[in-house]
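> Sharing a structure below in structure tokens format, with a few things to ask.
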Amino acid sequence: MAQGWDWCAAEGATARWQALLDADATLAHRLPGAEARFALVQPGRAITLTLAGGRITLAEGAEAPTRFTAPAAVWEEFMKPLPARHHHNLFALRMRVPEFSAEGDDLAWAQHAHILRRALDLGRWASWGKQGPAPASLRPRLGTPTPCPDAQGRYVTVRARGRDYVLYGETHGTGRPILGLHTAGSDARQFHRLAAEPRLRAAGYAITAFDMPGHGRSPAPGQPGEWALDTELYAELILAFREAWGFTENPVLLGASMSGEICLEIALRAPTRFARIISCEGADHIPGRRTPFADHPRVNAAIFIPEWVEGLMAPHSPAECAAEVWWQYSQGGCGTFPGDILFYSGGWDARDRVHRIDTTLCPLVMLTGEYDFSCTMEISAATAARIPGARFEGMSAMGHFPFAENPARFLDFLLPALEG
């Protein structure tokens, strides 16, 4: 493969990309009303994508309000079918690759991130020399429909921070209980595919999961946009649900991202109420992960938020699973995701406390995906190193939402964590 955007210099290459852009069914319904210009820049070559008139037009040059700049080697890695960690998505590049820079109009990027990602996917397809139109997703396909889990659901009322909350919960199957905690802005549907995995059931486990207030099927606790999560409320809700649900034995606690963080808090304050705690994508502190565009009057949050989190998933994760994560985030509700992020990035800070976790009372395992650019493997490993007796393992070919984005592969890490 030619380095970076140099492949476009080959005869007919840009025309092939342009033809894919013009014929793409996904772009056809996304482009009406779009107006923006983006430049992809490397030393010696730049390509501009102009979104206007229901079309994307390619041209040589870097005249654009928003510019993405990187050496040719970075762009070359970005265009591979399975890029190296942190090279698979523009948001990942910006966060973790020092040689990459994004300059100019961030608002335009937020408004058009979903369109830009699709246009770059078509550029990838063209650079690979593929024939015919590109599939709707370049991710590998499972070829299987969403499983219909044998969920037994009900509502329970819990008390936290001096008030009552109604929470929806559901249990899948029978066996040793796992209490699953969904990620920020999503809901308990994230566990449907994992709960249906034959290997998990054969190991004798059943998953119970619940929707946080105002998430999924749990009623909103206030007016739209008022939700603000903090450590105390989060911990009280989890412990209250554990009691209200009526577990007959201590469950394993499993979470990721913000729920991976609160797993560490539960390990501090209530270790004897759980058989084991598994914190995925967790750390004692994650700064710098808030965005103004999750609740911005000129940005469609139902598109931007799932697009922002799409880049947190590994390129290896199946198309069907990634689409479900995207769609569930699109349904997240006004202000729900940014209200959760108040806890996830900034509000949660246990740097002065995690060393007090007693793993002799409750074993603690920390797992983090290779492609997670929000909470990296290095960040999680550093936290685990401060907790006597904690075990950490990096999950290759995995991202930020392990139990939802690639449940079958996640089991390769989860099953040893449950038994070891």
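In the structure tokens, the first chain shown is A, the next is B, and so on; residue numbers restart at 1 for each chain, and ligands run from 1 in the order shown.
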Could you give me, as JSON, numbers by chain, the residues within 7 Å of region 160-164 of chain A, counting only C-alpha atoms and dropping anything in the same chain fewer than 5 positions from it?

{"A": [233, 236, 237]}

> I'd like the neighbourhood of region 143-146 of chain A as number ranges by chain, where a residue qualifies if any of its atoms comes within 9 Å (using only C-alpha atoms), though same-chain residues fewer than 6 positions away should be ignored.

A: 192-193, 320-321, 324

> Please dump the current selection as a compact mmCIF listing (two decimals), in the first residue's frame; keep N, CA, C and O atoms.


```
# COMPACT_ATOMS: atom_id res chain seq x y z
N HIS A 192 -27.45 -8.53 26.64
CA HIS A 192 -28.27 -9.56 26.01
C HIS A 192 -27.44 -10.61 25.29
O HIS A 192 -27.67 -11.81 25.43
N ARG A 193 -26.50 -10.18 24.48
CA ARG A 193 -25.71 -11.17 23.72
C ARG A 193 -24.80 -11.97 24.64
O ARG A 193 -24.64 -13.18 24.46
N GLU A 320 -22.66 -6.41 13.75
CA GLU A 320 -23.96 -6.45 14.41
C GLU A 320 -23.87 -5.93 15.84
O GLU A 320 -24.76 -5.19 16.29
N CYS A 321 -22.82 -6.30 16.56
CA CYS A 321 -22.67 -5.84 17.94
C CYS A 321 -22.40 -4.34 18.00
O CYS A 321 -23.00 -3.62 18.83
N GLU A 324 -25.52 -2.39 17.45
CA GLU A 324 -26.40 -2.37 18.62
C GLU A 324 -25.91 -1.38 19.66
O GLU A 324 -26.72 -0.64 20.27
```

> Compile the contact shell of Asp372 (chain A) as number ranges by chain: residues with an atom at most 12 Å away, counting only C-alpha atoms, same-chain residues fewer than 6 positions apart removed.

A: 84-89, 91-93, 95-96, 256-257, 280-282, 309-315, 378-380, 394-402, 405

> Take the selection from the previous step and output its residues with N, CA, C and O atoms, as a compact mmCIF listing (two decimals), in the first residue's frame.


```
# COMPACT_ATOMS: atom_id res chain seq x y z
N ALA A 84 -3.48 -0.51 13.89
CA ALA A 84 -2.93 -0.64 15.23
C ALA A 84 -3.79 0.16 16.21
O ALA A 84 -4.53 1.07 15.83
N ARG A 85 -3.68 -0.19 17.49
CA ARG A 85 -4.46 0.50 18.52
C ARG A 85 -4.29 2.02 18.40
O ARG A 85 -3.19 2.53 18.14
N HIS A 86 -5.40 2.70 18.59
CA HIS A 86 -5.47 4.16 18.60
C HIS A 86 -5.29 4.78 17.22
O HIS A 86 -5.27 6.01 17.10
N HIS A 87 -5.20 3.97 16.17
CA HIS A 87 -5.10 4.47 14.80
C HIS A 87 -6.37 4.18 13.99
O HIS A 87 -6.39 4.43 12.79
N HIS A 88 -7.40 3.67 14.62
CA HIS A 88 -8.56 3.15 13.88
C HIS A 88 -9.66 4.18 13.68
O HIS A 88 -10.59 3.94 12.91
N ASN A 89 -9.59 5.33 14.32
CA ASN A 89 -10.67 6.29 14.32
C ASN A 89 -10.10 7.68 14.56
O ASN A 89 -9.11 7.83 15.30
N PHE A 91 -11.21 10.16 16.37
CA PHE A 91 -11.23 10.53 17.78
C PHE A 91 -10.10 9.85 18.55
O PHE A 91 -9.51 10.43 19.46
N ALA A 92 -9.81 8.60 18.20
CA ALA A 92 -8.71 7.89 18.85
C ALA A 92 -7.37 8.53 18.48
O ALA A 92 -6.50 8.70 19.35
N LEU A 93 -7.20 8.85 17.22
CA LEU A 93 -5.96 9.51 16.79
C LEU A 93 -5.74 10.80 17.57
O LEU A 93 -4.64 11.08 18.05
N MET A 95 -6.82 11.69 20.47
CA MET A 95 -6.61 11.51 21.90
C MET A 95 -5.24 10.91 22.22
O MET A 95 -4.62 11.29 23.21
N ARG A 96 -4.76 9.97 21.37
CA ARG A 96 -3.62 9.15 21.79
C ARG A 96 -2.44 9.11 20.83
O ARG A 96 -1.44 8.47 21.16
N ALA A 256 -18.08 -1.96 33.21
CA ALA A 256 -17.08 -1.43 32.29
C ALA A 256 -17.27 0.07 32.15
O ALA A 256 -18.38 0.59 32.26
N SER A 257 -16.17 0.76 31.90
CA SER A 257 -16.19 2.22 31.75
C SER A 257 -16.63 2.84 33.08
O SER A 257 -16.04 2.57 34.11
N CYS A 280 -13.91 -3.71 34.30
CA CYS A 280 -13.40 -3.56 32.94
C CYS A 280 -13.30 -2.07 32.58
O CYS A 280 -14.17 -1.29 32.94
N GLU A 281 -12.24 -1.73 31.89
CA GLU A 281 -12.03 -0.34 31.44
C GLU A 281 -12.13 0.61 32.64
O GLU A 281 -12.67 1.70 32.53
N GLY A 282 -11.59 0.18 33.78
CA GLY A 282 -11.69 0.97 35.00
C GLY A 282 -10.35 1.53 35.43
O GLY A 282 -9.29 1.00 35.08
N VAL A 309 -18.75 7.34 20.70
CA VAL A 309 -18.39 6.07 21.35
C VAL A 309 -18.08 4.98 20.34
O VAL A 309 -17.42 3.99 20.69
N GLU A 310 -18.52 5.13 19.09
CA GLU A 310 -18.22 4.12 18.07
C GLU A 310 -16.71 3.92 17.93
O GLU A 310 -16.23 2.80 17.75
N GLY A 311 -15.98 5.02 18.03
CA GLY A 311 -14.53 4.93 17.90
C GLY A 311 -13.85 4.26 19.07
O GLY A 311 -12.66 3.92 19.00
N LEU A 312 -14.59 4.06 20.17
CA LEU A 312 -14.02 3.37 21.34
C LEU A 312 -14.03 1.85 21.19
O LEU A 312 -13.47 1.14 22.01
N MET A 313 -14.70 1.36 20.14
CA MET A 313 -14.76 -0.08 19.92
C MET A 313 -13.64 -0.52 18.99
O MET A 313 -13.24 0.23 18.09
N ALA A 314 -13.15 -1.72 19.18
CA ALA A 314 -12.07 -2.25 18.35
C ALA A 314 -12.59 -2.56 16.95
O ALA A 314 -13.75 -2.96 16.78
N PRO A 315 -11.74 -2.41 15.93
CA PRO A 315 -12.19 -2.73 14.57
C PRO A 315 -12.49 -4.21 14.37
O PRO A 315 -13.15 -4.58 13.41
N GLU A 378 -2.70 0.84 29.92
CA GLU A 378 -1.66 1.34 30.81
C GLU A 378 -2.26 2.03 32.04
O GLU A 378 -1.75 1.89 33.15
N ILE A 379 -3.35 2.79 31.82
CA ILE A 379 -3.99 3.49 32.94
C ILE A 379 -4.59 2.48 33.91
O ILE A 379 -4.43 2.60 35.14
N SER A 380 -5.29 1.47 33.39
CA SER A 380 -5.88 0.45 34.26
C SER A 380 -4.81 -0.35 34.99
O SER A 380 -4.95 -0.64 36.19
N GLY A 394 -4.71 -7.17 30.06
CA GLY A 394 -5.14 -6.46 28.86
C GLY A 394 -5.86 -7.41 27.92
O GLY A 394 -5.47 -8.57 27.79
N MET A 395 -6.90 -6.91 27.26
CA MET A 395 -7.69 -7.73 26.34
C MET A 395 -7.35 -7.34 24.90
O MET A 395 -7.75 -6.26 24.44
N SER A 396 -6.61 -8.18 24.21
CA SER A 396 -6.24 -7.89 22.83
C SER A 396 -7.47 -7.88 21.93
O SER A 396 -8.43 -8.61 22.17
N ALA A 397 -7.43 -7.03 20.91
CA ALA A 397 -8.49 -6.93 19.91
C ALA A 397 -9.85 -6.58 20.53
O ALA A 397 -10.90 -6.96 20.01
N MET A 398 -9.83 -5.86 21.63
CA MET A 398 -11.06 -5.44 22.30
C MET A 398 -11.02 -3.94 22.55
O MET A 398 -9.95 -3.33 22.61
N GLY A 399 -12.22 -3.35 22.72
CA GLY A 399 -12.32 -1.94 22.98
C GLY A 399 -12.94 -1.63 24.33
O GLY A 399 -12.80 -2.39 25.29
N HIS A 400 -13.71 -0.54 24.37
CA HIS A 400 -14.19 0.04 25.63
C HIS A 400 -15.46 -0.62 26.16
O HIS A 400 -15.83 -0.41 27.31
N PHE A 401 -16.17 -1.41 25.33
CA PHE A 401 -17.46 -1.98 25.71
C PHE A 401 -17.42 -3.50 25.57
O PHE A 401 -18.15 -4.09 24.78
N PRO A 402 -16.58 -4.18 26.32
CA PRO A 402 -16.27 -5.59 26.02
C PRO A 402 -17.46 -6.52 26.03
O PRO A 402 -17.59 -7.37 25.15
N GLU A 405 -19.65 -5.17 22.77
CA GLU A 405 -19.11 -5.05 21.40
C GLU A 405 -18.60 -6.37 20.83
O GLU A 405 -18.56 -6.54 19.62
```

> Any idea what's packed within 10 Å of Gln331 (chain A), counting only C-alpha atoms, ignoring anything in its chain fewer than 6 positions away? Could you give it as a list of chain:residue names?

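So the residues in contact are A:Gly185, A:Ser186, A:Asp187, A:His215, A:Gly216, A:Ala301, A:Ala302, A:Ile303, A:Ile305, A:Pro306.
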
> Using only C-alpha atoms, which residue out of A:Leu364, A:Ala136, A:Leu40, A:Ala235 lies closest to Arg269 (chain A)?

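Closest to Arg269 (chain A), using only C-alpha atoms: A:Ala235.
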
> For Thr248 (chain A), which residue among A:Ile178, A:Cys8, A:Ala134, A:Val365 is the nearest when counting only C-alpha atoms?

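Checking each candidate against Thr248 (chain A), we get A:Ile178 as the closest.
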
> Can you measure CA of Arg45 (chain A) to CA of Pro133 (chain A) for me? One decimal in Å is fine.

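Pair CA of Arg45 (chain A) / CA of Pro133 (chain A) returns 26.0 Å.
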
> Using only C-alpha atoms, which of the listed residues (A:Pro297, A:Pro388, A:Pro318, A:Pro271) sits closest to Cys362 (chain A)?

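Answer, going by the shortest atom-to-atom distance: A:Pro271.
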
> Given the choices A:Ser279, A:Gln190, A:Gln223, A:Thr14, which gets closest to Glu261 (chain A) if the distance is worked out from only C-alpha atoms?

A:Ser279

> Identify, with DSSP run on backbone atoms, the residues in region 264-311 of chain A assigned to helix (DSSP H, G or I), and express the list as a PDB file with N, CA and C atoms, in the first residue's frame.


```pdb
ATOM      1  N   LEU A 264     -14.760  -0.367  41.600  1.00  0.00           N
ATOM      2  CA  LEU A 264     -13.671  -0.130  42.549  1.00  0.00           C
ATOM      3  C   LEU A 264     -14.208   0.499  43.835  1.00  0.00           C
ATOM      4  N   GLU A 265     -15.187   1.372  43.706  1.00  0.00           N
ATOM      5  CA  GLU A 265     -15.813   1.971  44.898  1.00  0.00           C
ATOM      6  C   GLU A 265     -16.542   0.913  45.718  1.00  0.00           C
ATOM      7  N   ILE A 266     -17.242   0.020  45.034  1.00  0.00           N
ATOM      8  CA  ILE A 266     -17.949  -1.051  45.746  1.00  0.00           C
ATOM      9  C   ILE A 266     -16.945  -1.974  46.432  1.00  0.00           C
ATOM     10  N   ALA A 267     -15.802  -2.214  45.789  1.00  0.00           N
ATOM     11  CA  ALA A 267     -14.754  -3.032  46.422  1.00  0.00           C
ATOM     12  C   ALA A 267     -14.254  -2.384  47.707  1.00  0.00           C
ATOM     13  N   LEU A 268     -14.306  -1.062  47.754  1.00  0.00           N
ATOM     14  CA  LEU A 268     -13.897  -0.352  48.967  1.00  0.00           C
ATOM     15  C   LEU A 268     -14.946  -0.425  50.065  1.00  0.00           C
ATOM     16  N   ARG A 269     -16.209  -0.195  49.705  1.00  0.00           N
ATOM     17  CA  ARG A 269     -17.214   0.005  50.756  1.00  0.00           C
ATOM     18  C   ARG A 269     -18.058  -1.237  51.062  1.00  0.00           C
ATOM     19  N   PRO A 271     -17.200  -4.991  50.127  1.00  0.00           N
ATOM     20  CA  PRO A 271     -16.611  -6.173  49.489  1.00  0.00           C
ATOM     21  C   PRO A 271     -17.268  -7.488  49.884  1.00  0.00           C
ATOM     22  N   THR A 272     -17.818  -7.583  51.087  1.00  0.00           N
ATOM     23  CA  THR A 272     -18.375  -8.854  51.538  1.00  0.00           C
ATOM     24  C   THR A 272     -19.755  -9.135  50.953  1.00  0.00           C
ATOM     25  N   ARG A 273     -20.294  -8.198  50.154  1.00  0.00           N
ATOM     26  CA  ARG A 273     -21.615  -8.399  49.560  1.00  0.00           C
ATOM     27  C   ARG A 273     -21.529  -8.908  48.128  1.00  0.00           C
ATOM     28  N   PRO A 292     -18.278  19.080  25.051  1.00  0.00           N
ATOM     29  CA  PRO A 292     -19.413  20.005  25.054  1.00  0.00           C
ATOM     30  C   PRO A 292     -20.483  19.623  24.048  1.00  0.00           C
ATOM     31  N   PHE A 293     -20.176  18.717  23.122  1.00  0.00           N
ATOM     32  CA  PHE A 293     -21.102  18.426  22.032  1.00  0.00           C
ATOM     33  C   PHE A 293     -22.111  17.332  22.358  1.00  0.00           C
ATOM     34  N   ALA A 294     -22.010  16.735  23.563  1.00  0.00           N
ATOM     35  CA  ALA A 294     -23.006  15.745  23.965  1.00  0.00           C
ATOM     36  C   ALA A 294     -24.329  16.383  24.357  1.00  0.00           C
ATOM     37  N   ASP A 295     -24.318  17.702  24.594  1.00  0.00           N
ATOM     38  CA  ASP A 295     -25.544  18.420  24.961  1.00  0.00           C
ATOM     39  C   ASP A 295     -25.430  19.847  24.435  1.00  0.00           C
ATOM     40  N   ALA A 301     -27.511  15.184  19.433  1.00  0.00           N
ATOM     41  CA  ALA A 301     -26.887  14.271  20.395  1.00  0.00           C
ATOM     42  C   ALA A 301     -27.170  12.817  20.063  1.00  0.00           C
ATOM     43  N   ALA A 302     -28.321  12.539  19.436  1.00  0.00           N
ATOM     44  CA  ALA A 302     -28.674  11.157  19.097  1.00  0.00           C
ATOM     45  C   ALA A 302     -27.797  10.596  17.994  1.00  0.00           C
ATOM     46  N   ILE A 303     -27.036  11.461  17.319  1.00  0.00           N
ATOM     47  CA  ILE A 303     -26.052  11.014  16.325  1.00  0.00           C
ATOM     48  C   ILE A 303     -24.641  11.163  16.871  1.00  0.00           C
ATOM     49  N   PHE A 304     -24.342  12.316  17.474  1.00  0.00           N
ATOM     50  CA  PHE A 304     -22.970  12.567  17.899  1.00  0.00           C
ATOM     51  C   PHE A 304     -22.520  11.624  19.005  1.00  0.00           C
ATOM     52  N   ILE A 305     -23.351  11.412  20.033  1.00  0.00           N
ATOM     53  CA  ILE A 305     -22.919  10.582  21.158  1.00  0.00           C
ATOM     54  C   ILE A 305     -22.579   9.161  20.710  1.00  0.00           C
ATOM     55  N   PRO A 306     -23.461   8.466  19.973  1.00  0.00           N
ATOM     56  CA  PRO A 306     -23.058   7.127  19.523  1.00  0.00           C
ATOM     57  C   PRO A 306     -21.881   7.154  18.565  1.00  0.00           C
ATOM     58  N   GLU A 307     -21.737   8.212  17.803  1.00  0.00           N
ATOM     59  CA  GLU A 307     -20.588   8.295  16.901  1.00  0.00           C
ATOM     60  C   GLU A 307     -19.298   8.469  17.691  1.00  0.00           C
ATOM     61  N   TRP A 308     -19.358   9.233  18.760  1.00  0.00           N
ATOM     62  CA  TRP A 308     -18.192   9.440  19.623  1.00  0.00           C
ATOM     63  C   TRP A 308     -17.761   8.129  20.264  1.00  0.00           C
ATOM     64  N   VAL A 309     -18.747   7.336  20.704  1.00  0.00           N
ATOM     65  CA  VAL A 309     -18.392   6.075  21.350  1.00  0.00           C
ATOM     66  C   VAL A 309     -18.077   4.981  20.340  1.00  0.00           C
ATOM     67  N   GLU A 310     -18.524   5.127  19.092  1.00  0.00           N
ATOM     68  CA  GLU A 310     -18.218   4.124  18.070  1.00  0.00           C
ATOM     69  C   GLU A 310     -16.713   3.919  17.932  1.00  0.00           C
TER      70      GLU A 310
END
```

> Any idea what's packed within 9 Å of region 346-359 of chain A, counting only C-alpha atoms, ignoring anything in its chain fewer than 6 positions away? Could you give it as a PyMOL selection string?

chain A and resi 229-231+258+261-262+264-265+267-269+271+283-290+383-390

> Go ahead and write the selection's residues with N, CA and C atoms as a CSV table (one decimal), in the first residue's frame.


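Written out: out_10.csv:
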```csv
chain,number,residue,atom,x,y,z
A,229,LEU,N,-24.9,12.3,37.8
A,229,LEU,CA,-24.4,11.2,38.6
A,229,LEU,C,-23.2,11.5,39.4
A,230,ASP,N,-23.2,11.1,40.6
A,230,ASP,CA,-22.0,11.2,41.5
A,230,ASP,C,-21.7,9.9,42.2
A,231,THR,N,-20.5,9.8,42.8
A,231,THR,CA,-20.1,8.5,43.4
A,231,THR,C,-21.0,8.0,44.4
A,258,MET,N,-17.7,3.6,33.1
A,258,MET,CA,-18.1,4.2,34.4
A,258,MET,C,-18.5,3.2,35.4
A,261,GLU,N,-15.5,1.8,36.9
A,261,GLU,CA,-15.0,2.6,38.0
A,261,GLU,C,-15.7,2.4,39.3
A,262,ILE,N,-17.1,2.3,39.2
A,262,ILE,CA,-17.8,2.2,40.4
A,262,ILE,C,-17.6,0.8,41.1
A,264,LEU,N,-14.8,-0.4,41.6
A,264,LEU,CA,-13.7,-0.1,42.5
A,264,LEU,C,-14.2,0.5,43.8
A,265,GLU,N,-15.2,1.4,43.7
A,265,GLU,CA,-15.8,2.0,44.9
A,265,GLU,C,-16.5,0.9,45.7
A,267,ALA,N,-15.8,-2.2,45.8
A,267,ALA,CA,-14.8,-3.0,46.4
A,267,ALA,C,-14.3,-2.4,47.7
A,268,LEU,N,-14.3,-1.1,47.8
A,268,LEU,CA,-13.9,-0.4,49.0
A,268,LEU,C,-14.9,-0.4,50.1
A,269,ARG,N,-16.2,-0.2,49.7
A,269,ARG,CA,-17.2,0.0,50.8
A,269,ARG,C,-18.1,-1.2,51.1
A,271,PRO,N,-17.2,-5.0,50.1
A,271,PRO,CA,-16.6,-6.2,49.5
A,271,PRO,C,-17.3,-7.5,49.9
A,283,ALA,N,-10.4,2.6,36.2
A,283,ALA,CA,-9.2,3.2,36.7
A,283,ALA,C,-9.6,4.1,37.9
A,284,ASP,N,-8.6,4.5,38.7
A,284,ASP,CA,-8.9,5.4,39.8
A,284,ASP,C,-9.3,6.8,39.5
A,285,HIS,N,-9.0,7.2,38.2
A,285,HIS,CA,-9.3,8.6,37.8
A,285,HIS,C,-9.1,8.7,36.3
A,286,ILE,N,-10.1,9.3,35.6
A,286,ILE,CA,-10.0,9.5,34.1
A,286,ILE,C,-10.4,10.9,33.8
A,287,PRO,N,-9.4,11.8,33.7
A,287,PRO,CA,-9.7,13.2,33.4
A,287,PRO,C,-9.8,13.4,31.9
A,288,GLY,N,-10.4,14.5,31.5
A,288,GLY,CA,-10.3,15.0,30.1
A,288,GLY,C,-11.2,14.2,29.1
A,289,ARG,N,-12.3,13.6,29.6
A,289,ARG,CA,-13.1,12.8,28.7
A,289,ARG,C,-14.5,13.4,28.6
A,290,ARG,N,-14.7,14.7,28.9
A,290,ARG,CA,-16.0,15.3,28.7
A,290,ARG,C,-16.0,16.0,27.4
A,383,THR,N,-3.5,1.5,38.0
A,383,THR,CA,-4.4,1.4,39.1
A,383,THR,C,-4.3,0.1,39.8
A,384,ALA,N,-4.3,-1.0,39.0
A,384,ALA,CA,-4.3,-2.3,39.6
A,384,ALA,C,-3.0,-2.5,40.4
A,385,ALA,N,-1.9,-1.9,40.0
A,385,ALA,CA,-0.6,-2.1,40.7
A,385,ALA,C,-0.7,-1.4,42.0
A,386,ARG,N,-1.6,-0.5,42.3
A,386,ARG,CA,-1.7,0.2,43.6
A,386,ARG,C,-2.6,-0.6,44.5
A,387,ILE,N,-3.2,-1.7,44.1
A,387,ILE,CA,-4.2,-2.4,44.9
A,387,ILE,C,-3.6,-3.8,45.2
A,388,PRO,N,-3.2,-4.0,46.4
A,388,PRO,CA,-2.6,-5.3,46.8
A,388,PRO,C,-3.5,-6.5,46.5
A,389,GLY,N,-3.0,-7.4,45.7
A,389,GLY,CA,-3.8,-8.6,45.4
A,389,GLY,C,-4.6,-8.5,44.1
A,390,ALA,N,-4.8,-7.3,43.6
A,390,ALA,CA,-5.6,-7.2,42.4
A,390,ALA,C,-4.8,-7.8,41.2
```

> Quick one: everything within 8 Å of Gln18 (chain A), counting only C-alpha atoms, minus sequence neighbours fewer than 6 positions away in the same chain. Send it as number ranges by chain.

A: 56-58

> Taking only C-alpha atoms into account, which of A:Ala188, A:Ile115, A:Leu20, A:Leu82 comes nearest Ala36 (chain A)?

A:Ile115
